[in-house]
$ cat query16.pdb   # PDB, C-alpha atoms
ATOM      1  CA  MET A   1      36.687  24.493  23.611  1.00  0.00           C
ATOM      2  CA  ARG A   2      39.840  23.215  21.994  1.00  0.00           C
ATOM      3  CA  PRO A   3      39.743  21.154  18.765  1.00  0.00           C
ATOM      4  CA  GLU A   4      41.442  18.275  20.586  1.00  0.00           C
ATOM      5  CA  ASP A   5      38.454  17.989  22.938  1.00  0.00           C
ATOM      6  CA  THR A   6      35.976  17.414  20.090  1.00  0.00           C
ATOM      7  CA  ILE A   7      37.844  14.453  18.657  1.00  0.00           C
ATOM      8  CA  MET A   8      36.423  11.142  19.897  1.00  0.00           C
ATOM      9  CA  ASP A   9      38.499   8.092  20.260  1.00  0.00           C
ATOM     10  CA  THR A  10      37.612   5.120  18.070  1.00  0.00           C
ATOM     11  CA  HIS A  11      35.961   3.170  20.887  1.00  0.00           C
ATOM     12  CA  GLN A  12      33.492   5.971  21.628  1.00  0.00           C
ATOM     13  CA  LEU A  13      32.809   6.382  17.915  1.00  0.00           C
ATOM     14  CA  GLU A  14      32.149   2.647  17.501  1.00  0.00           C
ATOM     15  CA  CYS A  15      29.795   2.623  20.508  1.00  0.00           C
ATOM     16  CA  LEU A  16      27.877   5.603  19.147  1.00  0.00           C
ATOM     17  CA  ALA A  17      27.611   4.041  15.673  1.00  0.00           C
ATOM     18  CA  ARG A  18      26.486   0.683  17.141  1.00  0.00           C
ATOM     19  CA  GLU A  19      23.845   2.414  19.255  1.00  0.00           C
ATOM     20  CA  ARG A  20      22.474   4.333  16.291  1.00  0.00           C
ATOM     21  CA  LEU A  21      22.403   1.189  14.143  1.00  0.00           C
ATOM     22  CA  ASP A  22      20.538  -0.691  16.884  1.00  0.00           C
ATOM     23  CA  GLU A  23      17.962   2.110  17.089  1.00  0.00           C
ATOM     24  CA  ALA A  24      17.543   2.144  13.292  1.00  0.00           C
ATOM     25  CA  ARG A  25      17.121  -1.642  13.204  1.00  0.00           C
ATOM     26  CA  ALA A  26      14.536  -1.515  15.992  1.00  0.00           C
ATOM     27  CA  GLU A  27      12.569   1.176  14.157  1.00  0.00           C
ATOM     28  CA  ALA A  28      12.764  -0.803  10.897  1.00  0.00           C
ATOM     29  CA  ALA A  29      11.479  -3.898  12.696  1.00  0.00           C
ATOM     30  CA  THR A  30       8.588  -1.886  14.126  1.00  0.00           C
ATOM     31  CA  TRP A  31       7.654  -0.551  10.676  1.00  0.00           C
ATOM     32  CA  ALA A  32       7.897  -4.045   9.188  1.00  0.00           C
ATOM     33  CA  LEU A  33       5.472  -5.305  11.829  1.00  0.00           C
ATOM     34  CA  VAL A  34       3.048  -2.454  11.134  1.00  0.00           C
ATOM     35  CA  ARG A  35       3.203  -3.152   7.378  1.00  0.00           C
ATOM     36  CA  SER A  36       2.568  -6.842   7.940  1.00  0.00           C
ATOM     37  CA  LEU A  37      -0.566  -6.113   9.988  1.00  0.00           C
ATOM     38  CA  ARG A  38      -2.128  -3.859   7.357  1.00  0.00           C
ATOM     39  CA  PRO A  39      -4.207  -5.573   4.699  1.00  0.00           C
ATOM     40  CA  MET A  40      -2.492  -5.808   1.334  1.00  0.00           C
ATOM     41  CA  ARG A  41      -3.687  -3.208  -1.150  1.00  0.00           C
ATOM     42  CA  GLN A  42      -4.826  -4.442  -4.503  1.00  0.00           C
ATOM     43  CA  PRO A  43      -3.367  -2.908  -7.630  1.00  0.00           C
ATOM     44  CA  VAL A  44      -5.571  -0.355  -9.382  1.00  0.00           C
ATOM     45  CA  ARG A  45      -6.134  -2.648 -12.366  1.00  0.00           C
ATOM     46  CA  VAL A  46      -7.539  -5.361 -10.075  1.00  0.00           C
ATOM     47  CA  TRP A  47      -9.795  -2.850  -8.317  1.00  0.00           C
ATOM     48  CA  VAL A  48     -11.085  -1.479 -11.647  1.00  0.00           C
ATOM     49  CA  GLY A  49     -11.649  -4.986 -13.021  1.00  0.00           C
ATOM     50  CA  LEU A  50     -13.630  -6.090  -9.976  1.00  0.00           C
ATOM     51  CA  SER A  51     -15.665  -2.880 -10.086  1.00  0.00           C
ATOM     52  CA  LEU A  52     -16.541  -3.485 -13.746  1.00  0.00           C
ATOM     53  CA  ILE A  53     -17.599  -7.055 -12.954  1.00  0.00           C
ATOM     54  CA  ARG A  54     -19.821  -5.850 -10.102  1.00  0.00           C
ATOM     55  CA  MET A  55     -21.358  -3.167 -12.305  1.00  0.00           C
ATOM     56  CA  GLY A  56     -22.005  -5.725 -15.061  1.00  0.00           C
ATOM     57  CA  ARG A  57     -23.713  -8.076 -12.639  1.00  0.00           C
ATOM     58  CA  TRP A  58     -25.803  -5.208 -11.263  1.00  0.00           C
ATOM     59  CA  LEU A  59     -26.848  -4.198 -14.781  1.00  0.00           C
ATOM     60  CA  ALA A  60     -27.599  -7.811 -15.734  1.00  0.00           C
ATOM     61  CA  GLN A  61     -30.154  -8.073 -12.944  1.00  0.00           C
ATOM     62  CA  ARG A  62     -32.400  -5.627 -14.777  1.00  0.00           C
ATOM     63  CA  THR A  63     -34.530  -7.277 -17.444  1.00  0.00           C
ATOM     64  CA  PRO A  64     -34.922  -5.421 -20.723  1.00  0.00           C
ATOM     65  CA  LYS A  65     -38.383  -4.117 -21.595  1.00  0.00           C
ATOM     66  CA  ARG A  66     -40.185  -6.123 -24.249  1.00  0.00           C
ATOM     67  CA  ALA A  67     -41.059  -4.272 -27.360  1.00  0.00           C
ATOM     68  CA  THR A  68     -44.806  -3.978 -27.930  1.00  0.00           C
ATOM     69  CA  GLU A  69     -44.375  -3.471 -31.654  1.00  0.00           C
ATOM     70  CA  PRO A  70     -41.945  -5.447 -33.750  1.00  0.00           C
ATOM     71  CA  GLY A  71     -38.959  -3.549 -35.072  1.00  0.00           C
ATOM     72  CA  ARG A  72     -37.861  -3.267 -38.651  1.00  0.00           C
ATOM     73  CA  VAL A  73     -36.238  -6.663 -38.735  1.00  0.00           C
ATOM     74  CA  VAL A  74     -38.578  -9.440 -37.722  1.00  0.00           C
ATOM     75  CA  ALA A  75     -37.609 -13.072 -37.694  1.00  0.00           C
ATOM     76  CA  ALA A  76     -40.157 -15.158 -39.514  1.00  0.00           C
TER      77      ALA A  76
END
$ encode --input "query16.pdb" --output "C-alpha coordinates"
Amino acid sequence: MRPEDTIMDTHQLECLARERLDEARAEAATWALVRSLRPMRQPVRVWVGLSLIRMGRWLAQRTPKRATEPGRVVAA
(Lines of atoms letter the chains of each structure in order from A and count residues from 1; the text may use other names and numbers.)
(Lines give C-alpha, C1' and ligand atoms only; values in the text may rest on other atoms or scores of the structure.)
Protein backbone atom coordinates (compact mmCIF):
# COMPACT_ATOMS: atom_id res chain seq x y z
CA MET A 1 0.00 0.00 0.00
CA ARG A 2 1.39 3.36 -0.98
CA PRO A 3 1.25 6.36 1.41
CA GLU A 4 -0.81 8.27 -1.15
CA ASP A 5 -3.59 5.68 -0.87
CA THR A 6 -4.01 6.21 2.89
CA ILE A 7 -4.60 9.94 2.60
CA MET A 8 -8.31 10.79 2.57
CA ASP A 9 -9.66 13.77 0.82
CA THR A 10 -11.33 16.43 2.95
CA HIS A 11 -14.86 15.43 1.95
CA GLN A 12 -14.39 11.85 3.14
CA LEU A 13 -12.79 13.10 6.35
CA GLU A 14 -15.69 15.49 7.00
CA CYS A 15 -18.24 12.72 6.38
CA LEU A 16 -16.42 10.39 8.76
CA ALA A 17 -16.17 13.08 11.46
CA ARG A 18 -19.87 14.00 11.05
CA GLU A 19 -20.88 10.35 11.33
CA ARG A 20 -18.85 9.84 14.48
CA LEU A 21 -20.25 13.03 16.03
CA ASP A 22 -23.80 11.91 15.23
CA GLU A 23 -23.15 8.54 16.89
CA ALA A 24 -21.65 10.24 19.97
CA ARG A 25 -24.62 12.62 20.22
CA ALA A 26 -27.08 9.74 19.92
CA GLU A 27 -25.29 7.81 22.68
CA ALA A 28 -25.20 10.92 24.89
CA ALA A 29 -28.93 11.41 24.36
CA THR A 30 -29.56 7.79 25.31
CA TRP A 31 -27.53 8.16 28.52
CA ALA A 32 -29.31 11.41 29.36
CA LEU A 33 -32.65 9.62 29.02
CA VAL A 34 -31.48 6.77 31.25
CA ARG A 35 -30.25 9.24 33.89
CA SER A 36 -33.54 11.11 33.81
CA LEU A 37 -35.51 7.91 34.44
CA ARG A 38 -33.48 6.90 37.49
CA PRO A 39 -34.63 8.32 40.81
CA MET A 40 -32.43 11.11 42.12
CA ARG A 41 -30.02 9.98 44.83
CA GLN A 42 -30.03 11.93 48.03
CA PRO A 43 -26.76 13.27 49.39
CA VAL A 44 -25.23 11.27 52.23
CA ARG A 45 -25.88 14.04 54.75
CA VAL A 46 -29.62 13.96 53.94
CA TRP A 47 -29.70 10.17 54.24
CA VAL A 48 -27.87 10.26 57.60
CA GLY A 49 -30.13 13.04 58.90
CA LEU A 50 -33.31 11.17 57.97
CA SER A 51 -31.93 7.98 59.51
CA LEU A 52 -31.20 9.80 62.78
CA ILE A 53 -34.72 11.25 62.83
CA ARG A 54 -36.24 7.79 62.26
CA MET A 55 -34.07 6.29 64.99
CA GLY A 56 -35.06 9.09 67.39
CA ARG A 57 -38.74 8.53 66.70
CA TRP A 58 -38.30 4.78 67.18
CA LEU A 59 -36.53 5.34 70.50
CA ALA A 60 -39.15 7.88 71.62
CA GLN A 61 -41.89 5.27 71.29
CA ARG A 62 -40.42 3.36 74.22
CA THR A 63 -41.54 4.71 77.58
CA PRO A 64 -38.92 4.93 80.31
CA LYS A 65 -39.34 2.66 83.32
CA ARG A 66 -40.56 4.41 86.44
CA ALA A 67 -38.26 4.29 89.37
CA THR A 68 -39.71 2.39 92.33
CA GLU A 69 -37.46 4.18 94.80
CA PRO A 70 -36.74 7.88 94.64
CA GLY A 71 -33.23 8.86 93.64
CA ARG A 72 -30.88 11.08 95.54
CA VAL A 73 -32.51 14.28 94.42
CA VAL A 74 -36.20 14.40 95.19
CA ALA A 75 -38.39 17.35 94.42
CA ALA A 76 -40.42 18.34 97.43
$ atom_distance --input "query16.pdb" --atom1 "atom CA of Trp47 of chain A" --atom2 "atom CA of Arg62 of chain A"
23.7 Å
$ axis_aligned_box --input "query16.pdb" --around "segment 34-48 of chain A" --padding-each-side "4 Å" --output "JSON"
{"center_x": -3.9, "center_y": -3.6, "center_z": -0.6, "size_x": 22.3, "size_y": 14.5, "size_z": 31.5}
$ atom_distance --input "query16.pdb" --atom1 "atom CA of Glu14 of chain A" --atom2 "atom CA of Leu33 of chain A"
28.4 Å
$ atom_distance --input "query16.pdb" --atom1 "atom CA of Met55 of chain A" --atom2 "atom CA of Gln42 of chain A"
18.3 Å
